[in-house]
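What follows is one structure encoded as structure tokens, with my remarks underneath.
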Amino acid sequence: MGTSLGQMPADIPHDFTKIRIENCHLTGLPQGSFSKVSALEYLWLNFNEIALMNIKSLEGLANLTELRLQGNKLTSVPWTAFQDTPKLKILDLKHNRLDILPEHALKHLPALTYLDLSFNQLSVISKDVFINWPLYQTAEKAWGKEGLVSNVVLALHDNPWLCDCRLKGFVEFIRAVSPPIILMNSYLMCSGPASKADKFFHEIQLKTCTKPVASAPETNITLPLGANATLTCLVKARPSPTIQWMYSLKIIRGFAATETQINEETITSQLVIPSLHLADRGLYTCMANNFIGNASVNITVNISSFNSSTPLPPPVPRLSSDENTYIDIRIAKQTVYGITLEWYAATDKPAETWFTIHFGKYDSPKKEMIYIGPGINSYSVSDLLPVTKYEVCVTLKNHPPREGQCIVFVTGSDISELEQRERLIHIIVIVCAMLLAVPAGMYACTTEARFSCVERCMDLWKKRKLYGENLQGMERQGTFDSLQAASDEGLCRDSEEKPKKSRKCEDRCKGGSAAHLY
């Protein structure tokens with residue numbers, strides 16, 4: 001208690017059944033932290049500075065019944081780590097920084113009777129988190145039969161719940177909760193949006209999420225030269241969409257756009273063009289998207305001539321109708337080894353329209369181009385490298401990629417980290433919907449040596465693609481360790497000699513699957 005340890009003690013007697021290490025400035029739980037203490041039943045690690053938890057940190061603790069991690073700095077938990085603790089009954093994670101709860105988070109906690117997630121940063125979670133819980137499924141079968149199922153206490157209060165349509169299922173679940181599941185505090189409160197802030201779950205009604213619907217009061221506007229033009233776009237969607245305007249001179253002559261919230265599901269966006277120039281003539285597209293889908297509406301701007309005998313000069317060359325076509329692109333399927341893309345484009349002649357897929361590492365100026373014939377609207381990408389950021393774009397014919405036609409995603413580092421895979425998929429969905437370039441929470445290597453191994457793997461992958469090396473007969477060396485873990489089980493060990501380390505990297509790349517998409 002109150003001792004500056006910095007790391008886990010290595011000489012704990014193997015027959016200890018209770019361990020309490022609090023206020024000792026521990027920063028992480030590496031692999032096998034207590035694997036030699038197989039008799040351990042109670043583990044209290046409250047009020048430390050634990051920010052990282054290795055997926056094998058609970059290895060060897062088959063008898064553990066109580067784990068308390070209150071008051072640490074955890075932003076995520078490797079939920080599959082609980083495969084090693086089948087008898088765990090009490091899990092206390094309050095006062096951490098958890099912001100995501102994957103749908104299968106509780107899959108490996110069948111014996112749990114107390115779960116405290118209060119005072120974290122949870123804002124949106126699915127009711128499936130609890131529907132997929134084996135204990136809940138057992139309780140549902142024995143509903144109303146007293147004594148068959150122990151009571152389970154859940155603490156979910158004091159989180160910044162965002163009460164929009166994405167929380168609908170969870171809110172309904174909370175309202176319907178009854179013994180044997182008991183809420184420590186049933187008065188869960190919304191933090192947003194503004195219309196529902198500070199209201200309790202039982203006071204609100206949430207609607208189903210819907211994709212955007214975009215419209216415009218005027219789709220063809222004619223104004224004199226020098227006049228001010230205001231283009232108006234009306235969007236209905238749940239949850240609130242991201243709105244952007246596309247036009248040919250956006251880079252050269254950018255105009256200010258303002259948004260006004262009309263009601264809970266309607267937003268008006270206005271693009272103001274001051275003092276119309278001849279070059280401002282053309283097509284303006286209002287694009288709206290949320291995680292459900294997207295929509296767009298076109299507005300044409302014309303300029304009238306004061307003197308009908310003096311015709312206006314030819315307009316500035318505009319993008320062709322093909323180039324202005326909006327392509328709805330999404331990740332339809334994720335696998336351990338890759339992704340499947342689907343896209344839709346509203347074109348005049350779909351039977352004659354072909355596409356180009358631009359695929360490669362995000363920071364690479366040159367992308368591989370794959371040409372897709374008419375009538376095909378899906379493509380699978382596989383053999384991805386681990387811990388790598390990729391960009392894939394779909395364009396019409398041979399046009400270069402434009403904003404909104406690309407998806408950025410990140411591959412993970414360990415095939416067994418189910419919860420991290422779900423976390424990154426969730427982030428990627430937000431990235432696609434919001435058209436952001438860099439996913440939040442993107443992982444980075446913890447040592448320089450690990451980066452060198454990743455680069456080595458990338459080189460080997462390229463050689464395999466170019467020369468078709470025979471990779472059979474290589475023994476699988478294992479998957480990449482979690483980049484979160486400050487473990488001595490890393491992909492490349494600093495203590496190894498350089499030639500041996502390089503060989504190990506090569507074996508890792510050839511022996512296992514090339515990548516694991518999370």
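By convention here, the chains of the structure tokens are called A, B, ... in the order presented, each chain's residues are numbered starting at 1, and ligands are numbered starting at 1 in the order presented.
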
Excluding same-chain residues fewer than 6 positions from Ser38 of chain A, what lies within 9 Å of it counting only C-alpha atoms, as a short mmCIF file (atom, residue, chain, number, x, y, z; two decimals) with C-alpha atoms, in the first residue's frame?
```
data_model
loop_
_atom_site.label_atom_id
_atom_site.label_comp_id
_atom_site.auth_asym_id
_atom_site.auth_seq_id
_atom_site.Cartn_x
_atom_site.Cartn_y
_atom_site.Cartn_z
CA HIS A 14 2.70 -19.41 -5.23
CA ASP A 15 0.24 -20.32 -2.43
CA PHE A 16 -1.11 -16.78 -1.81
CA THR A 17 -4.90 -16.57 -2.10
CA GLY A 60 -2.96 -19.10 -14.79
CA LEU A 61 -5.65 -17.58 -12.52
CA ALA A 62 -8.29 -20.30 -12.90
CA ASN A 63 -9.33 -19.86 -9.22
CA LEU A 64 -9.72 -16.07 -9.27
#
```

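From atom CA of Phe82 of chain A back to atom CA of Lys56 of chain A, the distance works out to 8.9 Å.
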
(request) Give the answer as one residue: which of A:Ser304, A:Asn159, A:Asn132, A:Gln270 has the shortest atom-to-atom distance to Ser191 of chain A, using only C-alpha atoms? (result) A:Asn159

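Minimum distance to His95 of chain A across A:Lys73, A:Lys211, A:His25, A:Lys236 (counting only C-alpha atoms) occurs at A:Lys73.
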
(message) Please determine, counting only C-alpha atoms, which residue among A:Ile182, A:Ile299, A:Ala256, A:His108 has the shortest atom-to-atom distance to Cys233 of chain A.
(response)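 Among the listed residues, the smallest separation from Cys233 of chain A belongs to A:Ile299.
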
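Using only C-alpha atoms, the contacts of Leu69 of chain A at a cut-off of 8 Å, with sequence neighbours closer than 2 positions omitted, comprise Trp44, Leu45, Asn46, Phe47, Leu67, Gly71, Asn72, Leu91, Asp92, Leu93 and Lys94 of chain A.
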
(request) Write down as a list in words the residues belonging to segment 75-321 of chain A that are assigned alpha helix (DSSP H) by DSSP computed on the backbone. (result)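 Of segment 75-321 of chain A, the ones in alpha helix (DSSP H) are Asp128, Val129, Phe130, Ile131, Pro134, Leu135, Tyr136, Gln137, Thr138, Ala139, Glu140, Lys141, Lys168, Gly169, Phe170, Val171, Glu172, Phe173, Ile174, Arg175, Ala176 and Ser321 of chain A.
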
Write a file of the selected residues as a compact mmCIF listing (two decimals), in the first residue's frame, keeping N, CA, C and O atoms.
```txt
# COMPACT_ATOMS: atom_id res chain seq x y z
N ASP A 128 -26.95 -5.57 -27.01
CA ASP A 128 -26.43 -6.91 -27.29
C ASP A 128 -25.28 -7.27 -26.36
O ASP A 128 -24.95 -8.45 -26.20
N VAL A 129 -24.63 -6.27 -25.75
CA VAL A 129 -23.60 -6.55 -24.76
C VAL A 129 -24.15 -7.47 -23.68
O VAL A 129 -23.49 -8.43 -23.25
N PHE A 130 -25.39 -7.22 -23.28
CA PHE A 130 -26.01 -8.00 -22.21
C PHE A 130 -26.80 -9.18 -22.76
O PHE A 130 -26.86 -10.24 -22.12
N ILE A 131 -27.39 -9.02 -23.94
CA ILE A 131 -28.12 -10.13 -24.55
C ILE A 131 -27.17 -11.29 -24.84
O ILE A 131 -27.54 -12.46 -24.73
N PRO A 134 -23.71 -14.93 -21.39
CA PRO A 134 -24.24 -16.27 -21.06
C PRO A 134 -25.08 -16.28 -19.80
O PRO A 134 -26.10 -16.98 -19.73
N LEU A 135 -24.69 -15.48 -18.81
CA LEU A 135 -25.45 -15.45 -17.57
C LEU A 135 -26.85 -14.88 -17.79
O LEU A 135 -27.83 -15.38 -17.23
N TYR A 136 -26.95 -13.86 -18.63
CA TYR A 136 -28.26 -13.27 -18.92
C TYR A 136 -29.14 -14.27 -19.66
O TYR A 136 -30.34 -14.39 -19.40
N GLN A 137 -28.55 -15.00 -20.59
CA GLN A 137 -29.31 -16.00 -21.33
C GLN A 137 -29.82 -17.10 -20.41
O GLN A 137 -30.96 -17.56 -20.53
N THR A 138 -28.99 -17.49 -19.43
CA THR A 138 -29.42 -18.49 -18.45
C THR A 138 -30.54 -17.95 -17.59
O THR A 138 -31.53 -18.63 -17.32
N ALA A 139 -30.38 -16.68 -17.17
CA ALA A 139 -31.40 -16.06 -16.33
C ALA A 139 -32.73 -15.95 -17.06
O ALA A 139 -33.80 -16.14 -16.48
N GLU A 140 -32.67 -15.65 -18.35
CA GLU A 140 -33.89 -15.49 -19.14
C GLU A 140 -34.66 -16.80 -19.21
O GLU A 140 -35.89 -16.82 -19.15
N LYS A 141 -33.93 -17.93 -19.33
CA LYS A 141 -34.60 -19.22 -19.40
C LYS A 141 -35.26 -19.57 -18.08
O LYS A 141 -36.30 -20.24 -18.04
N LYS A 168 -31.02 3.56 -28.32
CA LYS A 168 -32.41 3.13 -28.17
C LYS A 168 -32.54 1.73 -27.55
O LYS A 168 -33.27 1.52 -26.58
N GLY A 169 -31.82 0.75 -28.10
CA GLY A 169 -31.91 -0.61 -27.59
C GLY A 169 -31.45 -0.72 -26.15
O GLY A 169 -32.07 -1.43 -25.34
N PHE A 170 -30.37 -0.02 -25.81
CA PHE A 170 -29.86 -0.07 -24.44
C PHE A 170 -30.83 0.57 -23.45
O PHE A 170 -31.06 0.04 -22.36
N VAL A 171 -31.42 1.69 -23.84
CA VAL A 171 -32.39 2.35 -22.97
C VAL A 171 -33.58 1.43 -22.71
O VAL A 171 -34.06 1.30 -21.58
N GLU A 172 -34.06 0.76 -23.75
CA GLU A 172 -35.19 -0.16 -23.58
C GLU A 172 -34.80 -1.34 -22.69
O GLU A 172 -35.61 -1.82 -21.89
N PHE A 173 -33.55 -1.80 -22.82
CA PHE A 173 -33.08 -2.90 -21.97
C PHE A 173 -33.07 -2.47 -20.50
O PHE A 173 -33.52 -3.22 -19.62
N ILE A 174 -32.55 -1.27 -20.24
CA ILE A 174 -32.48 -0.77 -18.86
C ILE A 174 -33.87 -0.66 -18.25
O ILE A 174 -34.10 -1.00 -17.08
N ARG A 175 -34.83 -0.19 -19.05
CA ARG A 175 -36.21 -0.05 -18.54
C ARG A 175 -36.82 -1.40 -18.18
O ARG A 175 -37.64 -1.51 -17.27
N ALA A 176 -36.42 -2.43 -18.92
CA ALA A 176 -37.03 -3.75 -18.74
C ALA A 176 -36.28 -4.62 -17.74
O ALA A 176 -36.74 -5.73 -17.42
N SER A 321 -20.39 14.97 -65.97
CA SER A 321 -21.43 14.36 -65.15
C SER A 321 -20.91 13.10 -64.47
O SER A 321 -21.29 12.77 -63.35
```

(request) Find the residues near Thr285 of chain A: any atom within 10 Å, counting only C-alpha atoms, skip ones fewer than 2 places away on the same chain, and give them as number ranges by chain. (result) A: 231, 233, 244-248, 283, 287-288, 296-300, 324-326

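Going from atom CA of Ser118 of chain A to atom CA of Ser33 of chain A covers 25.8 Å.
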
For Thr208 of chain A, please output as a short mmCIF file (atom, residue, chain, number, x, y, z; two decimals) with N, CA and C atoms, in the first residue's frame all residues within 12 Å (counting only C-alpha atoms; exclusion window: fewer than 3 positions along the same chain).
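Once written, around-v5.cif looks like this:
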```cif
data_model
loop_
_atom_site.label_atom_id
_atom_site.label_comp_id
_atom_site.auth_asym_id
_atom_site.auth_seq_id
_atom_site.Cartn_x
_atom_site.Cartn_y
_atom_site.Cartn_z
N CYS A 163 -27.86 10.16 -25.56
CA CYS A 163 -29.20 9.60 -25.76
C CYS A 163 -29.78 9.96 -27.12
N ASP A 164 -29.17 9.42 -28.17
CA ASP A 164 -29.78 9.53 -29.50
C ASP A 164 -30.21 8.13 -29.93
N CYS A 165 -30.55 7.98 -31.19
CA CYS A 165 -31.14 6.73 -31.65
C CYS A 165 -30.21 5.53 -31.44
N ARG A 166 -28.90 5.77 -31.38
CA ARG A 166 -27.96 4.66 -31.21
C ARG A 166 -28.09 4.00 -29.84
N LEU A 167 -28.67 4.70 -28.89
CA LEU A 167 -28.81 4.17 -27.53
C LEU A 167 -30.20 3.58 -27.29
N LYS A 168 -31.02 3.56 -28.32
CA LYS A 168 -32.41 3.13 -28.17
C LYS A 168 -32.54 1.73 -27.55
N GLY A 169 -31.82 0.75 -28.10
CA GLY A 169 -31.91 -0.61 -27.59
C GLY A 169 -31.45 -0.72 -26.15
N GLU A 172 -34.06 0.76 -23.75
CA GLU A 172 -35.19 -0.16 -23.58
C GLU A 172 -34.80 -1.34 -22.69
N GLN A 205 -38.02 9.21 -24.97
CA GLN A 205 -38.43 8.27 -26.00
C GLN A 205 -37.46 8.43 -27.17
N LYS A 211 -31.03 6.71 -42.22
CA LYS A 211 -30.02 7.32 -43.08
C LYS A 211 -30.50 8.70 -43.53
N ALA A 237 -32.17 13.21 -40.70
CA ALA A 237 -31.42 11.99 -40.38
C ALA A 237 -31.38 11.78 -38.87
N ARG A 238 -31.23 10.51 -38.48
CA ARG A 238 -30.98 10.14 -37.08
C ARG A 238 -29.89 9.08 -37.07
N PRO A 239 -28.76 9.32 -36.37
CA PRO A 239 -28.39 10.53 -35.63
C PRO A 239 -27.98 11.65 -36.58
N GLU A 265 -34.15 16.02 -35.66
CA GLU A 265 -33.69 15.21 -36.77
C GLU A 265 -33.56 15.98 -38.08
N ILE A 292 -25.36 5.21 -40.77
CA ILE A 292 -26.33 4.36 -41.48
C ILE A 292 -26.13 4.44 -42.99
#
```

(message) At a cut-off of 12 Å, using only C-alpha atoms, what residues contact Pro13 of chain A? Leave out same-chain residues fewer than 3 positions from it and give the result as JSON, numbers by chain.
(response) {"A": [9, 10, 16, 17, 18, 19, 34, 35, 36, 37, 38, 39, 40]}

(request) Have a look at atom CA of Gln405 of chain A and atom CA of Asn289 of chain A and let me know their distance in Å, one decimal. (result)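 Answer for the atom CA of Gln405 of chain A to atom CA of Asn289 of chain A separation: 12.5 Å.
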
(request) Using only C-alpha atoms, find the one residue out of A:Lys397, A:Phe409, A:Ile329, A:Tyr362 that sits nearest to Pro374 of chain A. (result)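 Closest to Pro374 of chain A of all the choices is A:Lys397.
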